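Enquirer: My structure is in model-v8.cif, and what it holds is mmCIF, C-alpha atoms:
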data_run
loop_
_atom_site.label_atom_id
_atom_site.label_comp_id
_atom_site.auth_asym_id
_atom_site.auth_seq_id
_atom_site.Cartn_x
_atom_site.Cartn_y
_atom_site.Cartn_z
CA MET T 1 -0.42 11.91 4.40
CA GLY T 2 -1.11 8.22 4.22
CA LYS T 3 0.18 4.87 3.05
CA THR T 4 1.46 6.07 -0.32
CA ALA T 5 3.45 8.94 1.19
CA VAL T 6 5.00 6.57 3.72
CA ALA T 7 5.68 3.84 1.14
CA ALA T 8 7.26 6.29 -1.31
CA GLY T 9 9.32 7.93 1.44
CA LEU T 10 10.64 4.59 2.66
CA ALA T 11 11.37 3.40 -0.89
CA ARG T 12 13.32 6.60 -1.56
CA GLU T 13 15.36 6.23 1.64
CA ILE T 14 16.30 2.59 1.21
CA GLY T 15 16.43 2.43 -2.60
CA ALA T 16 13.53 -0.01 -2.89
CA VAL T 17 11.18 -0.61 -5.81
CA HIS T 18 7.87 1.10 -5.06
CA LEU T 19 4.89 -0.73 -6.60
CA ARG T 20 1.73 1.35 -6.32
CA ILE T 21 -1.49 -0.45 -7.19
CA ASP T 22 -3.26 2.84 -8.02
CA SER T 23 -0.62 3.65 -10.66
CA ILE T 24 -0.79 0.18 -12.17
CA GLU T 25 -4.59 0.14 -12.29
CA GLN T 26 -4.73 3.59 -13.87
CA ALA T 27 -2.19 2.58 -16.52
CA LEU T 28 -4.31 -0.49 -17.32
CA ARG T 29 -7.40 1.73 -17.69
CA ARG T 30 -5.54 4.11 -20.01
CA SER T 31 -4.60 1.15 -22.18
CA GLY T 32 -8.23 0.10 -22.48
CA VAL T 33 -8.37 -2.64 -19.87
CA GLU T 34 -11.48 -2.66 -17.70
CA VAL T 35 -10.23 -2.94 -14.13
CA SER T 36 -12.93 -4.57 -12.06
CA GLY T 37 -11.07 -6.85 -9.71
CA SER T 38 -7.61 -8.25 -9.26
CA GLU T 39 -6.04 -7.13 -12.57
CA GLY T 40 -3.77 -4.48 -11.02
CA TYR T 41 -2.74 -6.78 -8.21
CA GLU T 42 -1.86 -9.56 -10.67
CA VAL T 43 0.44 -7.20 -12.58
CA ALA T 44 2.01 -6.03 -9.32
CA TYR T 45 2.63 -9.59 -8.11
CA ALA T 46 4.48 -10.39 -11.36
CA VAL T 47 6.58 -7.21 -11.28
CA ALA T 48 7.35 -7.71 -7.59
CA GLU T 49 8.44 -11.29 -8.22
CA ASP T 50 10.74 -10.22 -11.07
CA ASN T 51 12.37 -7.56 -8.89
CA LEU T 52 12.72 -9.83 -5.86
CA ARG T 53 14.44 -12.43 -8.04
CA LEU T 54 16.92 -9.69 -8.99
CA GLY T 55 17.66 -9.15 -5.29
CA ARG T 56 15.80 -5.87 -4.99
CA THR T 57 13.66 -4.82 -2.06
CA VAL T 58 10.04 -4.23 -3.05
CA ILE T 59 7.48 -2.10 -1.27
CA ALA T 60 3.94 -2.97 -2.34
CA ASP T 61 1.68 0.05 -1.84
CA SER T 62 -1.91 -1.16 -1.77
CA VAL T 63 -4.99 -1.07 0.44
CA ASN T 64 -4.71 -4.85 0.75
CA PRO T 65 -7.94 -5.19 2.75
CA ILE T 66 -8.63 -8.91 2.38
CA ALA T 67 -6.87 -12.13 3.29
CA VAL T 68 -6.61 -13.40 -0.30
CA THR T 69 -4.43 -10.47 -1.44
CA ARG T 70 -2.25 -10.73 1.65
CA ALA T 71 -1.75 -14.44 0.97
CA ALA T 72 -0.83 -13.68 -2.63
CA TRP T 73 1.88 -11.22 -1.53
CA ARG T 74 3.24 -13.83 0.91
CA GLY T 75 3.28 -16.30 -1.97
CA VAL T 76 5.40 -13.94 -4.08
CA ALA T 77 7.95 -13.70 -1.27
CA GLN T 78 7.94 -17.45 -0.66
CA ARG T 79 8.48 -18.28 -4.35
CA THR T 80 11.50 -16.00 -4.43
CA GLY T 81 12.90 -17.00 -1.05
CA ARG T 82 12.77 -13.40 0.16
CA ARG T 83 11.73 -11.97 3.51
CA TYR T 84 8.19 -10.65 3.75
CA VAL T 85 6.98 -8.07 6.26
CA GLU T 86 3.34 -7.07 6.52
CA ILE T 87 2.86 -3.43 7.44
CA GLU T 88 -0.53 -1.93 8.18
CA VAL T 89 -0.71 1.86 7.97
CA VAL T 90 -3.57 3.30 10.01
CA CYS T 91 -4.80 6.69 11.14
CA SER T 92 -6.34 6.24 14.59
CA ASP T 93 -7.85 9.74 14.57
CA GLN T 94 -11.06 9.34 12.55
CA ALA T 95 -11.55 13.09 12.09
CA GLU T 96 -8.01 13.46 10.74
CA HIS T 97 -8.45 10.40 8.53
CA ARG T 98 -11.66 11.82 7.10
CA ARG T 99 -10.05 15.23 6.52
CA ARG T 100 -7.17 13.55 4.66
CA VAL T 101 -9.53 11.57 2.43
CA GLU T 102 -11.77 14.54 1.68
CA THR T 103 -8.98 17.04 0.96
CA ARG T 104 -6.48 15.01 -1.02
CA THR T 105 -6.02 15.52 -4.72
CA ALA T 106 -5.26 12.89 -7.32
CA ASP T 107 -1.60 12.74 -8.30
CA ILE T 108 -2.24 10.26 -11.12
CA ALA T 109 -3.92 11.60 -14.26
CA GLY T 110 -7.49 10.34 -14.50
CA HIS T 111 -7.44 8.64 -11.11
CA GLU T 112 -10.73 8.93 -9.26
CA LEU T 113 -10.15 9.04 -5.52
CA PRO T 114 -12.62 7.27 -3.23
CA THR T 115 -15.02 9.33 -1.15
CA TRP T 116 -15.07 9.09 2.63
CA GLN T 117 -18.22 6.98 2.37
CA GLN T 118 -16.49 4.57 -0.03
CA VAL T 119 -13.50 4.30 2.30
CA CYS T 120 -15.81 3.51 5.22
CA GLU T 121 -17.77 0.93 3.21
CA ARG T 122 -14.72 -0.85 1.78
CA GLU T 123 -14.53 -4.55 2.59
CA TYR T 124 -11.93 -5.09 5.28
CA GLU T 125 -10.86 -8.31 6.95
CA ALA T 126 -9.03 -7.78 10.24
CA TRP T 127 -5.51 -9.17 10.47
CA GLN T 128 -2.34 -9.22 12.52
CA ALA T 129 0.28 -7.28 10.60
CA GLY T 130 3.91 -7.64 11.61
CA ILE T 131 4.10 -3.86 11.99
CA VAL T 132 1.24 -1.42 12.55
CA LEU T 133 2.13 2.21 11.87
CA ASP T 134 -0.22 4.90 13.17
CA THR T 135 0.15 8.11 11.17
CA ALA T 136 -2.30 10.23 13.24
CA GLY T 137 -0.85 13.64 14.01
CA ARG T 138 2.52 12.77 12.48
CA ARG T 139 4.66 13.91 9.60
CA VAL T 140 5.78 11.57 6.83
CA GLU T 141 9.43 11.83 7.87
CA ALA T 142 8.67 10.70 11.43
CA CYS T 143 6.61 7.75 10.16
CA VAL T 144 9.33 6.68 7.72
CA SER T 145 11.97 6.95 10.44
CA GLU T 146 9.90 4.83 12.83
CA LEU T 147 9.25 2.27 10.13
CA ARG T 148 12.96 2.04 9.22
CA GLY T 149 13.78 1.41 12.87
CA GLU T 150 11.11 -1.30 13.13
CA LEU T 151 12.37 -3.02 9.98
CA GLU T 152 16.00 -2.86 11.06
CA GLY T 153 15.00 -4.51 14.34
CA LEU T 154 13.54 -7.56 12.60
#
How would this structure read if it were set down as structure tokens?

Expert:
Amino acid sequence: MGKTAVAAGLAREIGAVHLRIDSIEQALRRSGVEVSGSEGYEVAYAVAEDNLRLGRTVIADSVNPIAVTRAAWRGVAQRTGRRYVEIEVVCSDQAEHRRRVETRTADIAGHELPTWQQVCEREYEAWQAGIVLDTAGRRVEACVSELRGELEGL
């Protein structure tokens, strides 16, 4: 259980649009596009902006490890005049995190999941998210419930 399970669970509960970068990038690959950088994010920014302009709530499900992508998401919200909340999903138990990474199976056809080593070596720029959700030792439902409460309190 990780960020996608939480994002999808929250989207289901509140009726939000769930934009998953992994799904977008895999669709681009299937259509013959070489995904080597920001291509999936650029598509997601455009789709998010369209949906925000329609008054929908959007949940962007992405690793989002660097400041430039976080700034781009903020820009989408600013251009549409919509509220933006940064949520960082973490697993503070490294052994549990590793087990999750090493035992998960791809739920998108053709999607190659990162190895534990790749997860550990991923570029990551520290930040101050508005909400930090620790999923260690918790079920998806409990995480979604906590997140809903945090969001309602803003």

Enquirer: Within 12 Å of Ile21 (chain T), counting all atoms listed in the file, which residues qualify if same-chain residues fewer than 3 places away don't, as a ChimeraX atom specification?

Expert: /T:3-4,7,18,24-28,35,37-45,47-48,59-64,69,108,111

Enquirer: Evaluate the PyMOL selection byres ((chain T and resi 13) around 12) against this structure - the residues, as a list of chain:residue names, please.

Expert: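 This file gives the following for the PyMOL selection byres ((chain T and resi 13) around 12): T:Val6, T:Ala7, T:Ala8, T:Gly9, T:Leu10, T:Ala11, T:Arg12, T:Ile14, T:Gly15, T:Ala16, T:Val17, T:His18, T:Thr57, T:Ile59, T:Glu141, T:Val144, T:Ser145, T:Leu147, T:Arg148.
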
Enquirer: Could those selected residues go to a file with C-alpha atoms, as a PDB file, keeping the file's coordinate frame?

Expert:
ATOM      1  CA  VAL T   6       5.000   6.570   3.720  1.00  0.00           C
ATOM      2  CA  ALA T   7       5.680   3.840   1.140  1.00  0.00           C
ATOM      3  CA  ALA T   8       7.260   6.290  -1.310  1.00  0.00           C
ATOM      4  CA  GLY T   9       9.320   7.930   1.440  1.00  0.00           C
ATOM      5  CA  LEU T  10      10.640   4.590   2.660  1.00  0.00           C
ATOM      6  CA  ALA T  11      11.370   3.400  -0.890  1.00  0.00           C
ATOM      7  CA  ARG T  12      13.320   6.600  -1.560  1.00  0.00           C
ATOM      8  CA  ILE T  14      16.300   2.590   1.210  1.00  0.00           C
ATOM      9  CA  GLY T  15      16.430   2.430  -2.600  1.00  0.00           C
ATOM     10  CA  ALA T  16      13.530  -0.010  -2.890  1.00  0.00           C
ATOM     11  CA  VAL T  17      11.180  -0.610  -5.810  1.00  0.00           C
ATOM     12  CA  HIS T  18       7.870   1.100  -5.060  1.00  0.00           C
ATOM     13  CA  THR T  57      13.660  -4.820  -2.060  1.00  0.00           C
ATOM     14  CA  ILE T  59       7.480  -2.100  -1.270  1.00  0.00           C
ATOM     15  CA  GLU T 141       9.430  11.830   7.870  1.00  0.00           C
ATOM     16  CA  VAL T 144       9.330   6.680   7.720  1.00  0.00           C
ATOM     17  CA  SER T 145      11.970   6.950  10.440  1.00  0.00           C
ATOM     18  CA  LEU T 147       9.250   2.270  10.130  1.00  0.00           C
ATOM     19  CA  ARG T 148      12.960   2.040   9.220  1.00  0.00           C
TER      20      ARG T 148
END

Enquirer: If you measure from CA of Val119 (chain T) to CA of Arg139 (chain T), what distance in Å do you get, rounded to one decimal?

Expert: 21.8 Å

Enquirer: Record the distance separating CA of Ala129 (chain T) and CA of Gly81 (chain T), expressed in Å with one decimal.

Expert: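 Interatomic distance, CA of Ala129 (chain T) to CA of Gly81 (chain T): 19.7 Å.
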
Enquirer: Would you translate the PyMOL selection byres ((chain T and resi 123-125) around 10) into the concrete set of residues it matches in this file, as a PDB file with C-alpha atoms, keeping the file's coordinate frame?

Expert:
ATOM      1  CA  VAL T  63      -4.990  -1.070   0.440  1.00  0.00           C
ATOM      2  CA  ASN T  64      -4.710  -4.850   0.750  1.00  0.00           C
ATOM      3  CA  PRO T  65      -7.940  -5.190   2.750  1.00  0.00           C
ATOM      4  CA  ILE T  66      -8.630  -8.910   2.380  1.00  0.00           C
ATOM      5  CA  ALA T  67      -6.870 -12.130   3.290  1.00  0.00           C
ATOM      6  CA  VAL T  68      -6.610 -13.400  -0.300  1.00  0.00           C
ATOM      7  CA  GLN T 118     -16.490   4.570  -0.030  1.00  0.00           C
ATOM      8  CA  VAL T 119     -13.500   4.300   2.300  1.00  0.00           C
ATOM      9  CA  CYS T 120     -15.810   3.510   5.220  1.00  0.00           C
ATOM     10  CA  GLU T 121     -17.770   0.930   3.210  1.00  0.00           C
ATOM     11  CA  ARG T 122     -14.720  -0.850   1.780  1.00  0.00           C
ATOM     12  CA  ALA T 126      -9.030  -7.780  10.240  1.00  0.00           C
ATOM     13  CA  TRP T 127      -5.510  -9.170  10.470  1.00  0.00           C
TER      14      TRP T 127
END

Enquirer: Of the residues T:Arg70, T:Arg138, T:Arg29, T:Arg56, which is the one nearest to Asp93 (chain T), using all atoms listed in the file?

Expert: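 With all atoms listed in the file as the atom set, the closest residue is T:Arg138.
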
Enquirer: Please expand the PyMOL selection byres ((chain T and resi 103) around 12) into the concrete residues it hits in this file, giving the result as a JSON list (two decimals) with C-alpha atoms, in the coordinates of the input.

Expert:
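Okay, part33.json is ready:
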[["chain", "number", "residue", "atom", "x", "y", "z"],
["T", 1, "MET", "CA", -0.42, 11.91, 4.40],
["T", 96, "GLU", "CA", -8.01, 13.46, 10.74],
["T", 97, "HIS", "CA", -8.45, 10.40, 8.53],
["T", 98, "ARG", "CA", -11.66, 11.82, 7.10],
["T", 99, "ARG", "CA", -10.05, 15.23, 6.52],
["T", 100, "ARG", "CA", -7.17, 13.55, 4.66],
["T", 101, "VAL", "CA", -9.53, 11.57, 2.43],
["T", 102, "GLU", "CA", -11.77, 14.54, 1.68],
["T", 104, "ARG", "CA", -6.48, 15.01, -1.02],
["T", 105, "THR", "CA", -6.02, 15.52, -4.72],
["T", 106, "ALA", "CA", -5.26, 12.89, -7.32],
["T", 113, "LEU", "CA", -10.15, 9.04, -5.52],
["T", 114, "PRO", "CA", -12.62, 7.27, -3.23],
["T", 115, "THR", "CA", -15.02, 9.33, -1.15],
["T", 116, "TRP", "CA", -15.07, 9.09, 2.63]]
